[in-house]
Amino acid sequence: MPDMNFKCSKILTLWILLFAVLTVQGQQADAENCNLCHGLAMFGMTGPGNSIRSLEVTADAYSHSTHRNVICRDCHTDINQFPHPETVQKVECAKACHITKPFAMTGYSHLEQSEAHAISAHGDKAAYSAEKNAAKPDCKYCHSNKFRTVIKDDVLSENSKHCVRCHEGAGLAGVILHVSSHSSHRSAEASVAVVELCSSCHADQTHMKDFDVNLTQVEGYERHFHGKALKRGLDQVANCMDCHRNHLNLPADDPNSSIHPNNIQQTCSANSYCHSNATAQFAAAAIHSEPTSKNNPIIFFTEWAFIILTAGTMALLFAHILLDFGRWAGDAWMGRKKR
Amino acid sequence: MSQDYTRFSVSQRLQHIFMFVPFIILVLTGFPIKFPDSSFWSVVMSAVGGIEVARSIHRFAAAVMIIDFGFHILYIFYNLFKNKPSFSELKLVPNKKDGQDIIKNLKYFLFLSDERPRFHKFSYLEKFDYWAVFWGMFIMAGSGLVLWFPVEISRFLPGVVIQIAYVAHSDEALLAFLAITIWHFYNVHFNPRVWPANKVWFQGTLTEEEMEHEHPLELAEIKAKQETSK
């Protein structure tokens with residue numbers, strides 16, 4: 001059947017073309033060929049105090065990242081000479097890059113998110129010490145690509161021989177070393193990952209004790225419907241960010257906050273797959289406070305009533321069973337054949 | 001010559017079956033969510049098809065159980081209107097004799113007496129079982145419906161009701177589970193005098209010997225009636 005063969009070869013050609021496009025795409029954004037060096041496995045440098053920084057950007061990780069179409073120097077703007085300066089500026093996420101928004105001639109940037117973050121509970125506060133502000137999450141704390149990992153020295157020295165061969169005496173050999181890292185990408189989309197990310201600080205009592213926040217929030221979430229269902233794999237369930245917002249995350253007493261008493265109803269019903277017709281009373285139900293006799297006496301005493309009821313009932317029933325069994329065993333031991 | 005005595009009618013036996021089959025299913029689909037960190041309940045969770053399937057099964061089983069309980073309530077009222085019994089003929093209602101029976105039984109258990117209490121149709125143990133389920137049904141079905149339709153409920157009731165329902169459903173479930181697996185199972189299975197099982201839930205009848213041992217007063221009453229009707 002010649003027709004069939006023709007079709008097959010056509011499909012095959014399409015597949016080959018598709019793979020070719022996919023393969024080439026990975027290289028596209030690296031117009032300046034940064035990956036000539038940064039694509040080398042275990043490429044890195046030693047920083048102050050013998051700390052080790054991986055500078056490896058594997059082509060594979062890069063081409064599958066969100067920023068695959070952004071050329072390196074759009075973000076690393078102060079890199080304009082080679083060899084690069086030993087210290088470079090931190091990337092500023094609010095800077096505009098060459099990517100343009102559809103139908104807009106302005107450069108794309110994360111300015112909006114950055115500004116929201118700055119005024120949110122996670123932004124720097126003038127009243128706080130520099131140290132306290134530094135303990136709060138910045139863009140990269142949550143949106144990390146985990147490109148920096150410390151590895152053992154012996155692996156380093158072995159691999160650094162490769163650079164030293166050419167760059168001995170050029171000043172670069174001292175700073176460039178090969179370090180290895182796994183470029184694992186943390187997704188901020190799966191609910192489990194979001195809860196894990198927020199819990200990395202909020203469940204840490206020593207980290208959070210200096211901040212004016214409720215220390216039992218994570219525990220409370222895990223005890224409640226959303227937390228339990230999520231642990232059992234119901235991903236559509238509300239995670240931290242569904243109610244608290246990601247960037248404009250404000251405390252409950254702020255009138256602009258998504259969890260301000262006036263706004264909670266709107267927050268619960270914001271997603272069609274959540275509680276789309278939530279009432280004010282529905283929204284008023286506290287869903288992750290640890291009940292105490294003061295903040296939530298009704299629930300606190302309901303819980304205690306059930307604990308006493310359950311323990312008391314079971315203790316009486318169990319005693320009755322033991323006594324009943326004791327009589328039977330006693331009769332059996334004494335050889336009495338009484339039922 | 002010994003004779004079999006009907007203890008539970010076909011309807012009553014079916015009501016029991018339509019109560020305990022959903023009960024088992026509700027435990028298997030509910031407890032994995034009550035204990036999300038437990039590896040034992042993780043196995044059960046996978047076995048019942050994961051949380052999304054479990055949620056649907058849980059609600060279906062709950063509906064069956066609620067219908068069964070609703071039928072039981074209608075059944076009670078139907079029989080009350082049909083037979084118009086006097087208060088003393090209501091054999092499930094706790095009375096003064098139950099208190100005396102408890103004391104008698106405790107004395108018997110402690111070898112202070114060799115005389116067992118003589119029960120009528122329902123012993124205080126059986127009355128406890130019945131009323132425990134009766135109370136439990138209101139708590140479990142009520143709180144379960146609040147959790148099933150939280151938004152709709154919040155149109156009529158304050159939000160704190162949802163929180164109470166969450167606590168009540170979870171805690172009462174544990175009490176029911178423990179009461180059934182420890183207390184009820186001891187009385188109908190593990191009690192060495194009963195082991196391996198009391199078959200009355202299925203057969204519906206007791207032999208004269210069993211009646212004499214477990215419900216002597218009821219047997220006496222039946223025999224007295226037979227005498228007078230002769």
# chains A, B, ... in the order shown; residues from 1 in each chain; ligands from 1
$ residues_around --residues "Gly142 in chain B" --least-positions-apart "6" --cutoff "12 Å" --atoms "only C-alpha atoms" --output "list in words"
Ala62, Ala63, Ile66, Trp135, Gly136, Trp148, Phe149, Pro150, Ile153, Val161, Ile162, Ile164, Ala165, Tyr166, Ala168, His169 and Glu172 of chain B
$ write_last_selection --atoms "N, CA, C and O atoms" --output "PDB file, in the first residue's frame"
ATOM      1  N   ALA B  62     -22.953   6.901  53.724  1.00  0.00           N
ATOM      2  CA  ALA B  62     -23.636   7.730  54.723  1.00  0.00           C
ATOM      3  C   ALA B  62     -25.114   7.867  54.378  1.00  0.00           C
ATOM      4  O   ALA B  62     -25.981   7.766  55.254  1.00  0.00           O
ATOM      5  N   ALA B  63     -25.386   8.059  53.091  1.00  0.00           N
ATOM      6  CA  ALA B  63     -26.780   8.192  52.663  1.00  0.00           C
ATOM      7  C   ALA B  63     -27.556   6.915  52.973  1.00  0.00           C
ATOM      8  O   ALA B  63     -28.681   6.970  53.487  1.00  0.00           O
ATOM      9  N   ILE B  66     -28.180   6.785  56.728  1.00  0.00           N
ATOM     10  CA  ILE B  66     -29.179   7.765  57.170  1.00  0.00           C
ATOM     11  C   ILE B  66     -30.585   7.307  56.770  1.00  0.00           C
ATOM     12  O   ILE B  66     -31.531   7.398  57.547  1.00  0.00           O
ATOM     13  N   TRP B 135     -27.963   7.831  69.812  1.00  0.00           N
ATOM     14  CA  TRP B 135     -27.293   9.126  70.040  1.00  0.00           C
ATOM     15  C   TRP B 135     -26.240   9.361  68.947  1.00  0.00           C
ATOM     16  O   TRP B 135     -26.149  10.432  68.365  1.00  0.00           O
ATOM     17  N   GLY B 136     -25.457   8.322  68.684  1.00  0.00           N
ATOM     18  CA  GLY B 136     -24.377   8.437  67.703  1.00  0.00           C
ATOM     19  C   GLY B 136     -24.892   8.810  66.324  1.00  0.00           C
ATOM     20  O   GLY B 136     -24.268   9.594  65.611  1.00  0.00           O
ATOM     21  N   TRP B 148     -20.811  18.022  54.750  1.00  0.00           N
ATOM     22  CA  TRP B 148     -21.106  17.725  53.344  1.00  0.00           C
ATOM     23  C   TRP B 148     -21.604  18.995  52.638  1.00  0.00           C
ATOM     24  O   TRP B 148     -21.231  19.275  51.506  1.00  0.00           O
ATOM     25  N   PHE B 149     -22.451  19.772  53.343  1.00  0.00           N
ATOM     26  CA  PHE B 149     -23.025  20.988  52.736  1.00  0.00           C
ATOM     27  C   PHE B 149     -22.716  22.218  53.589  1.00  0.00           C
ATOM     28  O   PHE B 149     -23.633  22.876  54.084  1.00  0.00           O
ATOM     29  N   PRO B 150     -21.435  22.542  53.766  1.00  0.00           N
ATOM     30  CA  PRO B 150     -21.099  23.626  54.700  1.00  0.00           C
ATOM     31  C   PRO B 150     -21.648  24.981  54.271  1.00  0.00           C
ATOM     32  O   PRO B 150     -22.112  25.755  55.108  1.00  0.00           O
ATOM     33  N   ILE B 153     -25.493  25.092  54.797  1.00  0.00           N
ATOM     34  CA  ILE B 153     -25.806  25.147  56.229  1.00  0.00           C
ATOM     35  C   ILE B 153     -25.554  26.556  56.778  1.00  0.00           C
ATOM     36  O   ILE B 153     -26.303  27.060  57.604  1.00  0.00           O
ATOM     37  N   VAL B 161     -20.803  26.549  63.848  1.00  0.00           N
ATOM     38  CA  VAL B 161     -21.428  25.229  63.742  1.00  0.00           C
ATOM     39  C   VAL B 161     -20.575  24.304  62.865  1.00  0.00           C
ATOM     40  O   VAL B 161     -20.451  23.103  63.143  1.00  0.00           O
ATOM     41  N   ILE B 162     -19.973  24.845  61.835  1.00  0.00           N
ATOM     42  CA  ILE B 162     -19.122  24.037  60.952  1.00  0.00           C
ATOM     43  C   ILE B 162     -17.912  23.522  61.745  1.00  0.00           C
ATOM     44  O   ILE B 162     -17.518  22.364  61.618  1.00  0.00           O
ATOM     45  N   ILE B 164     -17.780  23.119  65.035  1.00  0.00           N
ATOM     46  CA  ILE B 164     -18.253  22.124  66.005  1.00  0.00           C
ATOM     47  C   ILE B 164     -18.476  20.795  65.291  1.00  0.00           C
ATOM     48  O   ILE B 164     -18.084  19.736  65.781  1.00  0.00           O
ATOM     49  N   ALA B 165     -19.081  20.855  64.098  1.00  0.00           N
ATOM     50  CA  ALA B 165     -19.363  19.631  63.339  1.00  0.00           C
ATOM     51  C   ALA B 165     -18.072  18.889  63.021  1.00  0.00           C
ATOM     52  O   ALA B 165     -18.011  17.660  63.082  1.00  0.00           O
ATOM     53  N   TYR B 166     -17.031  19.652  62.684  1.00  0.00           N
ATOM     54  CA  TYR B 166     -15.747  19.025  62.339  1.00  0.00           C
ATOM     55  C   TYR B 166     -15.186  18.254  63.535  1.00  0.00           C
ATOM     56  O   TYR B 166     -14.751  17.108  63.402  1.00  0.00           O
ATOM     57  N   ALA B 168     -16.949  17.286  66.252  1.00  0.00           N
ATOM     58  CA  ALA B 168     -17.887  16.247  66.672  1.00  0.00           C
ATOM     59  C   ALA B 168     -17.810  15.026  65.753  1.00  0.00           C
ATOM     60  O   ALA B 168     -17.798  13.888  66.223  1.00  0.00           O
ATOM     61  N   HIS B 169     -17.752  15.244  64.449  1.00  0.00           N
ATOM     62  CA  HIS B 169     -17.747  14.122  63.498  1.00  0.00           C
ATOM     63  C   HIS B 169     -16.526  13.235  63.722  1.00  0.00           C
ATOM     64  O   HIS B 169     -16.613  12.022  63.776  1.00  0.00           O
ATOM     65  N   GLU B 172     -16.620  11.746  67.627  1.00  0.00           N
ATOM     66  CA  GLU B 172     -17.685  10.775  67.850  1.00  0.00           C
ATOM     67  C   GLU B 172     -17.426   9.515  67.010  1.00  0.00           C
ATOM     68  O   GLU B 172     -17.765   8.401  67.413  1.00  0.00           O
TER      69      GLU B 172
END
$ interface_residues --of "chain B" --to "chain A" --cutoff "9 Å" --atoms "only C-alpha atoms" --output "MDAnalysis selection string"
chainID B and resid 32:37 42 45 50:52 105:106 108:111 150:164 166:168 171:172 174:176 178:179 182:183 186:187 191:193 213
$ closest_residue --among "B:Leu206, B:Val146, B:Met211, B:Met140" --to "Phe69 in chain B" --atoms "only C-alpha atoms"
B:Met140
$ select_by_dssp --residues "range 54-96 of chain A" --states "helix (DSSP H, G or I)" --output "MDAnalysis selection string"
chainID A and resid 59:63 72:75
$ residues_around --residues "Lys90 in chain A" --least-positions-apart "2" --cutoff "9 Å" --atoms "only C-alpha atoms" --output "MDAnalysis selection string"
chainID A and resid 76 88 92
$ atom_distance --atom1 "CA of Ile76 in chain B" --atom2 "CA of Leu147 in chain B"
28.3 Å
$ atom_distance --atom1 "CA of Ser258 in chain A" --atom2 "CA of Asp235 in chain A"
21.3 Å
$ atom_distance --atom1 "CA of Ser293 in chain A" --atom2 "CA of Glu219 in chain A"
17.6 Å
$ residues_around --residues "Lys199 in chain B" --least-positions-apart "5" --cutoff "12 Å" --atoms "only C-alpha atoms" --output "PyMOL selection string"
chain B and resi 7-8+13+188-189+194+204-207+210
$ write_last_selection --atoms "N, CA, C and O atoms" --output "mmCIF file, in the first residue's frame"
data_model
loop_
_atom_site.group_PDB
_atom_site.id
_atom_site.type_symbol
_atom_site.label_atom_id
_atom_site.label_comp_id
_atom_site.auth_asym_id
_atom_site.auth_seq_id
_atom_site.Cartn_x
_atom_site.Cartn_y
_atom_site.Cartn_z
ATOM 1 N N ARG B 7 -36.419 -13.657 68.030
ATOM 2 C CA ARG B 7 -35.910 -12.503 68.777
ATOM 3 C C ARG B 7 -35.954 -11.262 67.901
ATOM 4 O O ARG B 7 -36.351 -10.200 68.341
ATOM 5 N N PHE B 8 -35.505 -11.390 66.637
ATOM 6 C CA PHE B 8 -35.506 -10.241 65.725
ATOM 7 C C PHE B 8 -36.269 -10.602 64.455
ATOM 8 O O PHE B 8 -35.998 -11.637 63.841
ATOM 9 N N ARG B 13 -33.657 -7.447 61.391
ATOM 10 C CA ARG B 13 -32.354 -7.977 60.973
ATOM 11 C C ARG B 13 -31.815 -7.199 59.782
ATOM 12 O O ARG B 13 -30.623 -6.904 59.718
ATOM 13 N N VAL B 188 -20.591 -9.871 71.393
ATOM 14 C CA VAL B 188 -21.197 -10.771 70.405
ATOM 15 C C VAL B 188 -20.188 -11.718 69.746
ATOM 16 O O VAL B 188 -20.579 -12.589 68.985
ATOM 17 N N HIS B 189 -18.888 -11.497 69.982
ATOM 18 C CA HIS B 189 -17.879 -12.388 69.390
ATOM 19 C C HIS B 189 -16.875 -12.912 70.421
ATOM 20 O O HIS B 189 -16.761 -14.097 70.641
ATOM 21 N N VAL B 194 -19.568 -16.721 74.237
ATOM 22 C CA VAL B 194 -20.276 -16.470 72.975
ATOM 23 C C VAL B 194 -19.472 -16.959 71.778
ATOM 24 O O VAL B 194 -20.032 -17.390 70.776
ATOM 25 N N GLY B 204 -32.061 -14.803 63.642
ATOM 26 C CA GLY B 204 -33.235 -14.146 64.208
ATOM 27 C C GLY B 204 -33.901 -14.911 65.332
ATOM 28 O O GLY B 204 -34.848 -14.414 65.938
ATOM 29 N N THR B 205 -33.412 -16.118 65.626
ATOM 30 C CA THR B 205 -34.079 -16.921 66.665
ATOM 31 C C THR B 205 -33.107 -17.357 67.746
ATOM 32 O O THR B 205 -31.902 -17.457 67.509
ATOM 33 N N LEU B 206 -33.646 -17.620 68.913
ATOM 34 C CA LEU B 206 -32.868 -18.206 70.010
ATOM 35 C C LEU B 206 -33.521 -19.538 70.387
ATOM 36 O O LEU B 206 -34.744 -19.693 70.283
ATOM 37 N N THR B 207 -32.693 -20.480 70.824
ATOM 38 C CA THR B 207 -33.251 -21.747 71.298
ATOM 39 C C THR B 207 -33.812 -21.545 72.707
ATOM 40 O O THR B 207 -33.521 -20.535 73.363
ATOM 41 N N GLU B 210 -31.015 -21.065 75.157
ATOM 42 C CA GLU B 210 -30.429 -19.721 75.114
ATOM 43 C C GLU B 210 -31.357 -18.712 75.783
ATOM 44 O O GLU B 210 -30.913 -17.814 76.513
#
$ closest_residue --among "B:Glu214, B:Trp201, B:Glu115, B:Leu90" --to "Ile17 in chain B" --atoms "only C-alpha atoms"
B:Trp201
$ decode --residues "range 205-219 of chain B" --atoms "all heavy atoms" --output "mmCIF file, in the first residue's frame"
data_model
loop_
_atom_site.group_PDB
_atom_site.id
_atom_site.type_symbol
_atom_site.label_atom_id
_atom_site.label_comp_id
_atom_site.auth_asym_id
_atom_site.auth_seq_id
_atom_site.Cartn_x
_atom_site.Cartn_y
_atom_site.Cartn_z
ATOM 1 N N THR B 205 -33.412 -16.118 65.626
ATOM 2 C CA THR B 205 -34.079 -16.921 66.665
ATOM 3 C C THR B 205 -33.107 -17.357 67.746
ATOM 4 O O THR B 205 -31.902 -17.457 67.509
ATOM 5 C CB THR B 205 -34.702 -18.198 66.067
ATOM 6 O OG1 THR B 205 -33.671 -18.906 65.363
ATOM 7 C CG2 THR B 205 -35.824 -17.867 65.105
ATOM 8 N N LEU B 206 -33.646 -17.620 68.913
ATOM 9 C CA LEU B 206 -32.868 -18.206 70.010
ATOM 10 C C LEU B 206 -33.521 -19.538 70.387
ATOM 11 O O LEU B 206 -34.744 -19.693 70.283
ATOM 12 C CB LEU B 206 -32.875 -17.280 71.228
ATOM 13 C CG LEU B 206 -32.117 -15.961 71.112
ATOM 14 C CD1 LEU B 206 -32.256 -15.183 72.417
ATOM 15 C CD2 LEU B 206 -30.654 -16.180 70.782
ATOM 16 N N THR B 207 -32.693 -20.480 70.824
ATOM 17 C CA THR B 207 -33.251 -21.747 71.298
ATOM 18 C C THR B 207 -33.812 -21.545 72.707
ATOM 19 O O THR B 207 -33.521 -20.535 73.363
ATOM 20 C CB THR B 207 -32.161 -22.836 71.365
ATOM 21 O OG1 THR B 207 -31.166 -22.407 72.294
ATOM 22 C CG2 THR B 207 -31.525 -23.077 70.013
ATOM 23 N N GLU B 208 -34.583 -22.502 73.166
ATOM 24 C CA GLU B 208 -35.158 -22.396 74.507
ATOM 25 C C GLU B 208 -34.064 -22.308 75.563
ATOM 26 O O GLU B 208 -34.149 -21.540 76.522
ATOM 27 C CB GLU B 208 -36.068 -23.601 74.777
ATOM 28 C CG GLU B 208 -36.719 -23.517 76.134
ATOM 29 C CD GLU B 208 -38.091 -24.173 76.180
ATOM 30 O OE1 GLU B 208 -38.576 -24.595 75.114
ATOM 31 O OE2 GLU B 208 -38.654 -24.239 77.269
ATOM 32 N N GLU B 209 -32.987 -23.062 75.327
ATOM 33 C CA GLU B 209 -31.864 -23.062 76.270
ATOM 34 C C GLU B 209 -31.221 -21.666 76.340
ATOM 35 O O GLU B 209 -30.931 -21.153 77.429
ATOM 36 C CB GLU B 209 -30.841 -24.104 75.803
ATOM 37 C CG GLU B 209 -29.863 -24.488 76.882
ATOM 38 C CD GLU B 209 -28.660 -25.238 76.323
ATOM 39 O OE1 GLU B 209 -28.591 -25.411 75.080
ATOM 40 O OE2 GLU B 209 -27.803 -25.619 77.107
ATOM 41 N N GLU B 210 -31.015 -21.065 75.157
ATOM 42 C CA GLU B 210 -30.429 -19.721 75.114
ATOM 43 C C GLU B 210 -31.357 -18.712 75.783
ATOM 44 O O GLU B 210 -30.913 -17.814 76.513
ATOM 45 C CB GLU B 210 -30.148 -19.304 73.661
ATOM 46 C CG GLU B 210 -28.958 -20.029 73.051
ATOM 47 C CD GLU B 210 -28.857 -19.831 71.548
ATOM 48 O OE1 GLU B 210 -29.893 -19.707 70.864
ATOM 49 O OE2 GLU B 210 -27.718 -19.816 71.036
ATOM 50 N N MET B 211 -32.660 -18.862 75.531
ATOM 51 C CA MET B 211 -33.641 -17.958 76.145
ATOM 52 C C MET B 211 -33.579 -18.084 77.662
ATOM 53 O O MET B 211 -33.576 -17.086 78.379
ATOM 54 C CB MET B 211 -35.055 -18.310 75.666
ATOM 55 C CG MET B 211 -35.373 -17.847 74.261
ATOM 56 S SD MET B 211 -35.399 -16.052 74.084
ATOM 57 C CE MET B 211 -36.983 -15.668 74.788
ATOM 58 N N GLU B 212 -33.516 -19.313 78.138
ATOM 59 C CA GLU B 212 -33.487 -19.568 79.574
ATOM 60 C C GLU B 212 -32.257 -18.926 80.204
ATOM 61 O O GLU B 212 -32.309 -18.386 81.315
ATOM 62 C CB GLU B 212 -33.495 -21.093 79.827
ATOM 63 C CG GLU B 212 -33.526 -21.496 81.271
ATOM 64 C CD GLU B 212 -34.664 -20.835 82.042
ATOM 65 O OE1 GLU B 212 -35.834 -20.939 81.620
ATOM 66 O OE2 GLU B 212 -34.361 -20.191 83.068
ATOM 67 N N HIS B 213 -31.162 -18.955 79.467
ATOM 68 C CA HIS B 213 -29.924 -18.406 80.012
ATOM 69 C C HIS B 213 -29.844 -16.884 79.894
ATOM 70 O O HIS B 213 -29.415 -16.212 80.822
ATOM 71 C CB HIS B 213 -28.724 -19.037 79.298
ATOM 72 C CG HIS B 213 -27.428 -18.567 79.857
ATOM 73 N ND1 HIS B 213 -26.602 -17.713 79.199
ATOM 74 C CD2 HIS B 213 -26.847 -18.822 81.060
ATOM 75 C CE1 HIS B 213 -25.562 -17.453 79.948
ATOM 76 N NE2 HIS B 213 -25.676 -18.123 81.090
ATOM 77 N N GLU B 214 -30.257 -16.347 78.749
ATOM 78 C CA GLU B 214 -30.034 -14.918 78.507
ATOM 79 C C GLU B 214 -31.256 -14.047 78.773
ATOM 80 O O GLU B 214 -31.114 -12.873 79.129
ATOM 81 C CB GLU B 214 -29.549 -14.701 77.061
ATOM 82 C CG GLU B 214 -28.115 -15.181 76.866
ATOM 83 C CD GLU B 214 -27.758 -15.361 75.400
ATOM 84 O OE1 GLU B 214 -28.351 -14.657 74.560
ATOM 85 O OE2 GLU B 214 -26.907 -16.223 75.102
ATOM 86 N N HIS B 215 -32.455 -14.594 78.535
ATOM 87 C CA HIS B 215 -33.653 -13.766 78.706
ATOM 88 C C HIS B 215 -34.732 -14.543 79.468
ATOM 89 O O HIS B 215 -35.839 -14.709 78.963
ATOM 90 C CB HIS B 215 -34.171 -13.312 77.327
ATOM 91 C CG HIS B 215 -33.108 -12.642 76.501
ATOM 92 N ND1 HIS B 215 -32.708 -11.353 76.733
ATOM 93 C CD2 HIS B 215 -32.344 -13.108 75.485
ATOM 94 C CE1 HIS B 215 -31.741 -11.028 75.874
ATOM 95 N NE2 HIS B 215 -31.502 -12.082 75.108
ATOM 96 N N PRO B 216 -34.399 -15.004 80.681
ATOM 97 C CA PRO B 216 -35.346 -15.874 81.409
ATOM 98 C C PRO B 216 -36.686 -15.206 81.681
ATOM 99 O O PRO B 216 -37.726 -15.856 81.625
ATOM 100 C CB PRO B 216 -34.601 -16.200 82.707
ATOM 101 C CG PRO B 216 -33.554 -15.156 82.839
ATOM 102 C CD PRO B 216 -33.171 -14.765 81.459
ATOM 103 N N LEU B 217 -36.680 -13.905 81.977
ATOM 104 C CA LEU B 217 -37.947 -13.242 82.301
ATOM 105 C C LEU B 217 -38.854 -13.164 81.073
ATOM 106 O O LEU B 217 -40.067 -13.316 81.166
ATOM 107 C CB LEU B 217 -37.695 -11.842 82.862
ATOM 108 C CG LEU B 217 -36.982 -11.784 84.221
ATOM 109 C CD1 LEU B 217 -36.909 -10.345 84.713
ATOM 110 C CD2 LEU B 217 -37.669 -12.678 85.245
ATOM 111 N N GLU B 218 -38.220 -12.924 79.910
ATOM 112 C CA GLU B 218 -39.002 -12.869 78.678
ATOM 113 C C GLU B 218 -39.615 -14.240 78.400
ATOM 114 O O GLU B 218 -40.795 -14.354 78.044
ATOM 115 C CB GLU B 218 -38.109 -12.432 77.498
ATOM 116 C CG GLU B 218 -38.899 -12.186 76.225
ATOM 117 C CD GLU B 218 -38.028 -12.085 74.987
ATOM 118 O OE1 GLU B 218 -36.801 -12.317 75.082
ATOM 119 O OE2 GLU B 218 -38.573 -11.797 73.910
ATOM 120 N N LEU B 219 -38.795 -15.279 78.592
ATOM 121 C CA LEU B 219 -39.265 -16.645 78.356
ATOM 122 C C LEU B 219 -40.444 -16.963 79.277
ATOM 123 O O LEU B 219 -41.468 -17.508 78.845
ATOM 124 C CB LEU B 219 -38.119 -17.636 78.587
ATOM 125 C CG LEU B 219 -38.440 -19.095 78.317
ATOM 126 C CD1 LEU B 219 -38.732 -19.316 76.835
ATOM 127 C CD2 LEU B 219 -37.303 -20.002 78.776
#
